[in-house]
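Peer 1: Here it is: the structure, laid out below.
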Amino acid sequence: HEHADENTTVWNLAAPLSVETAMDPTVAEAITVGGMEKVLSAMSEVGAKRICFTDSIGSFGAEAPRENATAKWLTENPQQDPGSDYGRQKRGCRELMDQFRREHGGDPRFAVLPGVLHSNPVWGNGTTEYALDALLAAPHQETKLGLPTGEAYVCPIDPDIAMPMVFVDDLMRGLIALQEAEPHELTEPENGYCIPGLSFTPNELFAEIRKHHPGFGFRVELDENMNKFANLWPETLNSSEPLRDLGYAPEVGLSEMVSFVLQAHEDRNSYTAEAFKAMDKDGDGILTLKDIEGHVRKRLVRGRTTSYNTGQVTHNL
């Protein structure tokens with residue numbers, strides 16, 4: 001009651017990714033479905049109505065269309081087998097939200113997300129994250145800036161399987177549009193919409209990477225879970241419904257995305273190289289414990305200054 005009321009919009013983003021869920025479905029169930037139960041219970045207590053939920057292409061199973069998949073298909077085929085605990089848990093959340101609508105007059109909305117592409121240096125353990133791994137690996141396969149080189153990238157899925165993705169800037173526009181839409185503007189069942197972006201195969205991604213890093217190398221070692229999901233999920237998402245009702249259409253294509261993400265990684269590498277050089281006092285390319293300790297003492301450990309009212313005394317701890 002202190003932080004929310006009937007005018008509050010709630011976003012529930014809490015859920016482990018596909019591979020993480022496959023590794024420990026019990027914990028994932030508690031977080032994903034159990035978390036949704038708690039969120040909806042808290043909303044009913046304060047009278048909040050609008051909740052937005054990030055669903056996933058992992059909700060689609062073998063019966064789903066491979067091309068132009070829609071959120072509507074999920075609502076019209078509630079008994080389809082998504083082929084994974086990940087998909088079943090997402091379905092459980094949709095069912096809870098629909099119950100919240102019926103019993104409490106709620107305004108639930110859900111967005112079916114493809115793989116999310118971004119330039120951050122860390123991410124979770126999902127299937128579409130193979131693309132992020134490849135983009136991070138590419139700059140490290142060259143001897144550049146004095147940094148150590150990495151080995152060939154290991155591709156965990158069939159390199160000819162296309163998967164839908166979306167760049168984070170497009171994604172945020174789509175999610176905000178879904179959140180802000182007036183109820184009468186949402187005409188899809190259960191207010192569900194896919195947020196499309198771009199689709200590509202690993203081979204298409206690698207070809208684009210090689211325009212920036214011609215020596216980029218990879219080998220294929222299929223991961224059982226990741227390759228299963230890649231072959232199970234749709235290749236493209238339909239764009240007509242989000243354009244019609246949300247005014248959303250993706251803007252970022254493969255070439256622009258690859259260029260932007262690689263540049264972000266290159267910029268971080270430059271910063272890392274400068275820090276490495278500052279620590280490597282003897283210039284031998286090897287950091288000793290003494291080098292690291294000296295850097296930490298000089299640049300990071302400033303001490304904690306506690307000033308308190310005892311005359312003019314300041315204590316450096």
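All residue names refer to the structure tokens as shown: chains lettered A, B, ... in order, residues numbered from 1 in each chain, ligands numbered from 1 in order.
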Just asking: which residues within stretch 8-228 of chain A are strand (DSSP E or B) according to DSSP, as a PyMOL selection string?
Peer 2: chain A and resi 9-12+50-56+69+107-113+115-117+153-155+163-167+192-194+198-200+218-220
Peer 1: Do a neighbour search on A:Arg109 at 7 Å with only C-alpha atoms, toss out local chain neighbours closer than 2 positions, and write the hits as a PyMOL selection string.
Peer 2: chain A and resi 51-53+107+111+190-192
Peer 1: When distances are computed from only C-alpha atoms, which of A:Ser119, A:Gln99, A:Ser59, A:Ser41 shows the smallest separation from A:His265?
Peer 2: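 Of all the options, A:Ser119 lies closest to A:His265.
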Peer 1: Counting only C-alpha atoms, which residue out of A:Thr187, A:His213, A:Trp233, A:Pro25 sits closest to A:Asp81?
Peer 2: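 Of A:Thr187, A:His213, A:Trp233, A:Pro25, the one nearest A:Asp81 is A:Trp233, counting only C-alpha atoms.
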Peer 1: A:Thr75: which residues within 9 Å, counting only C-alpha atoms, same-chain residues fewer than 3 positions away excluded, as an NGL selection string?
Peer 2: :A and (71-72 or 78 or 94 or 189-190 or 192)
Peer 1: For the residues in the current selection, export all heavy atoms as a PDB file, in the first residue's frame.
Peer 2:
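Result written to part.pdb:
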ATOM      1  N   ALA A  71       1.165 -14.320 -31.135  1.00  0.00           N
ATOM      2  CA  ALA A  71       0.745 -14.580 -29.765  1.00  0.00           C
ATOM      3  C   ALA A  71      -0.656 -15.184 -29.746  1.00  0.00           C
ATOM      4  O   ALA A  71      -0.989 -15.991 -28.872  1.00  0.00           O
ATOM      5  CB  ALA A  71       0.786 -13.284 -28.963  1.00  0.00           C
ATOM      6  N   LYS A  72      -1.464 -14.802 -30.716  1.00  0.00           N
ATOM      7  CA  LYS A  72      -2.829 -15.326 -30.806  1.00  0.00           C
ATOM      8  C   LYS A  72      -2.830 -16.844 -30.920  1.00  0.00           C
ATOM      9  O   LYS A  72      -3.713 -17.518 -30.364  1.00  0.00           O
ATOM     10  CB  LYS A  72      -3.530 -14.700 -32.015  1.00  0.00           C
ATOM     11  CG  LYS A  72      -4.976 -15.124 -32.200  1.00  0.00           C
ATOM     12  CD  LYS A  72      -5.596 -14.419 -33.403  1.00  0.00           C
ATOM     13  CE  LYS A  72      -7.049 -14.805 -33.591  1.00  0.00           C
ATOM     14  NZ  LYS A  72      -7.661 -14.100 -34.756  1.00  0.00           N
ATOM     15  N   PRO A  78      -4.161 -23.637 -26.279  1.00  0.00           N
ATOM     16  CA  PRO A  78      -3.656 -23.681 -24.901  1.00  0.00           C
ATOM     17  C   PRO A  78      -3.138 -25.045 -24.470  1.00  0.00           C
ATOM     18  O   PRO A  78      -2.376 -25.136 -23.502  1.00  0.00           O
ATOM     19  CB  PRO A  78      -4.870 -23.258 -24.065  1.00  0.00           C
ATOM     20  CG  PRO A  78      -6.047 -23.660 -24.903  1.00  0.00           C
ATOM     21  CD  PRO A  78      -5.619 -23.404 -26.312  1.00  0.00           C
ATOM     22  N   ARG A  94       0.570 -17.144 -18.089  1.00  0.00           N
ATOM     23  CA  ARG A  94      -0.532 -16.588 -18.873  1.00  0.00           C
ATOM     24  C   ARG A  94      -1.877 -17.012 -18.277  1.00  0.00           C
ATOM     25  O   ARG A  94      -2.833 -16.226 -18.227  1.00  0.00           O
ATOM     26  CB  ARG A  94      -0.444 -17.035 -20.332  1.00  0.00           C
ATOM     27  CG  ARG A  94       0.759 -16.507 -21.085  1.00  0.00           C
ATOM     28  CD  ARG A  94       0.569 -16.642 -22.595  1.00  0.00           C
ATOM     29  NE  ARG A  94       0.269 -17.994 -23.018  1.00  0.00           N
ATOM     30  CZ  ARG A  94       1.187 -18.938 -23.274  1.00  0.00           C
ATOM     31  NH1 ARG A  94       2.476 -18.658 -23.144  1.00  0.00           N
ATOM     32  NH2 ARG A  94       0.823 -20.141 -23.672  1.00  0.00           N
ATOM     33  N   PRO A 189      -6.372 -11.491 -28.574  1.00  0.00           N
ATOM     34  CA  PRO A 189      -6.820 -12.267 -27.413  1.00  0.00           C
ATOM     35  C   PRO A 189      -5.844 -12.157 -26.244  1.00  0.00           C
ATOM     36  O   PRO A 189      -4.619 -12.239 -26.430  1.00  0.00           O
ATOM     37  CB  PRO A 189      -6.880 -13.700 -27.950  1.00  0.00           C
ATOM     38  CG  PRO A 189      -7.033 -13.552 -29.427  1.00  0.00           C
ATOM     39  CD  PRO A 189      -6.285 -12.314 -29.798  1.00  0.00           C
ATOM     40  N   GLU A 190      -6.385 -11.941 -25.056  1.00  0.00           N
ATOM     41  CA  GLU A 190      -5.608 -11.838 -23.823  1.00  0.00           C
ATOM     42  C   GLU A 190      -4.557 -10.726 -23.896  1.00  0.00           C
ATOM     43  O   GLU A 190      -3.592 -10.721 -23.131  1.00  0.00           O
ATOM     44  CB  GLU A 190      -4.953 -13.178 -23.471  1.00  0.00           C
ATOM     45  CG  GLU A 190      -5.966 -14.297 -23.236  1.00  0.00           C
ATOM     46  CD  GLU A 190      -5.336 -15.618 -22.862  1.00  0.00           C
ATOM     47  OE1 GLU A 190      -4.200 -15.620 -22.347  1.00  0.00           O
ATOM     48  OE2 GLU A 190      -5.971 -16.660 -23.108  1.00  0.00           O
ATOM     49  N   GLY A 192      -2.207 -10.175 -25.997  1.00  0.00           N
ATOM     50  CA  GLY A 192      -0.883 -10.739 -26.257  1.00  0.00           C
ATOM     51  C   GLY A 192      -0.342 -10.338 -27.622  1.00  0.00           C
ATOM     52  O   GLY A 192      -1.062 -10.398 -28.626  1.00  0.00           O
TER      53      GLY A 192
END
Peer 1: Got a sec: who's within 9 Å of A:Val39, counting only C-alpha atoms, leaving out chain neighbours fewer than 5 positions off, as a PDB file with N, CA, C and O atoms, in the first residue's frame?
Peer 2:
ATOM      1  N   VAL A  10       2.426  -2.773 -13.324  1.00  0.00           N
ATOM      2  CA  VAL A  10       3.449  -3.718 -12.867  1.00  0.00           C
ATOM      3  C   VAL A  10       4.034  -4.463 -14.057  1.00  0.00           C
ATOM      4  O   VAL A  10       3.304  -4.938 -14.930  1.00  0.00           O
ATOM      5  N   ASN A  12       6.311  -7.828 -14.781  1.00  0.00           N
ATOM      6  CA  ASN A  12       6.924  -9.039 -14.220  1.00  0.00           C
ATOM      7  C   ASN A  12       7.893  -9.596 -15.256  1.00  0.00           C
ATOM      8  O   ASN A  12       7.483 -10.168 -16.271  1.00  0.00           O
ATOM      9  N   GLY A  34       5.622 -19.341  -9.333  1.00  0.00           N
ATOM     10  CA  GLY A  34       5.429 -18.908  -7.951  1.00  0.00           C
ATOM     11  C   GLY A  34       5.538 -17.404  -7.807  1.00  0.00           C
ATOM     12  O   GLY A  34       4.786 -16.774  -7.057  1.00  0.00           O
ATOM     13  N   SER A  44      -3.738  -7.532  -6.218  1.00  0.00           N
ATOM     14  CA  SER A  44      -5.145  -7.571  -5.796  1.00  0.00           C
ATOM     15  C   SER A  44      -5.343  -6.880  -4.453  1.00  0.00           C
ATOM     16  O   SER A  44      -6.396  -6.286  -4.202  1.00  0.00           O
TER      17      SER A  44
END
Peer 1: In terms of the shortest atom-to-atom distance over only C-alpha atoms, which of A:Pro164, A:Gly35, A:Gly150, A:Gly217 is closest to A:Val112?
Peer 2: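 Looking at the shortest contact to A:Val112, the residue is A:Pro164.
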Peer 1: Hey, what does DSSP flag as alpha helix (DSSP H) within stretch 5-211 of chain A? Can you give it to me as a count of residues only?
Peer 2: 83
Peer 1: Which is closest to A:His3 among A:Ile195, A:Met43, A:Ala137, A:Met172, if we use only C-alpha atoms?
Peer 2: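 Nearest candidate to A:His3 out of A:Ile195, A:Met43, A:Ala137, A:Met172: A:Met43.
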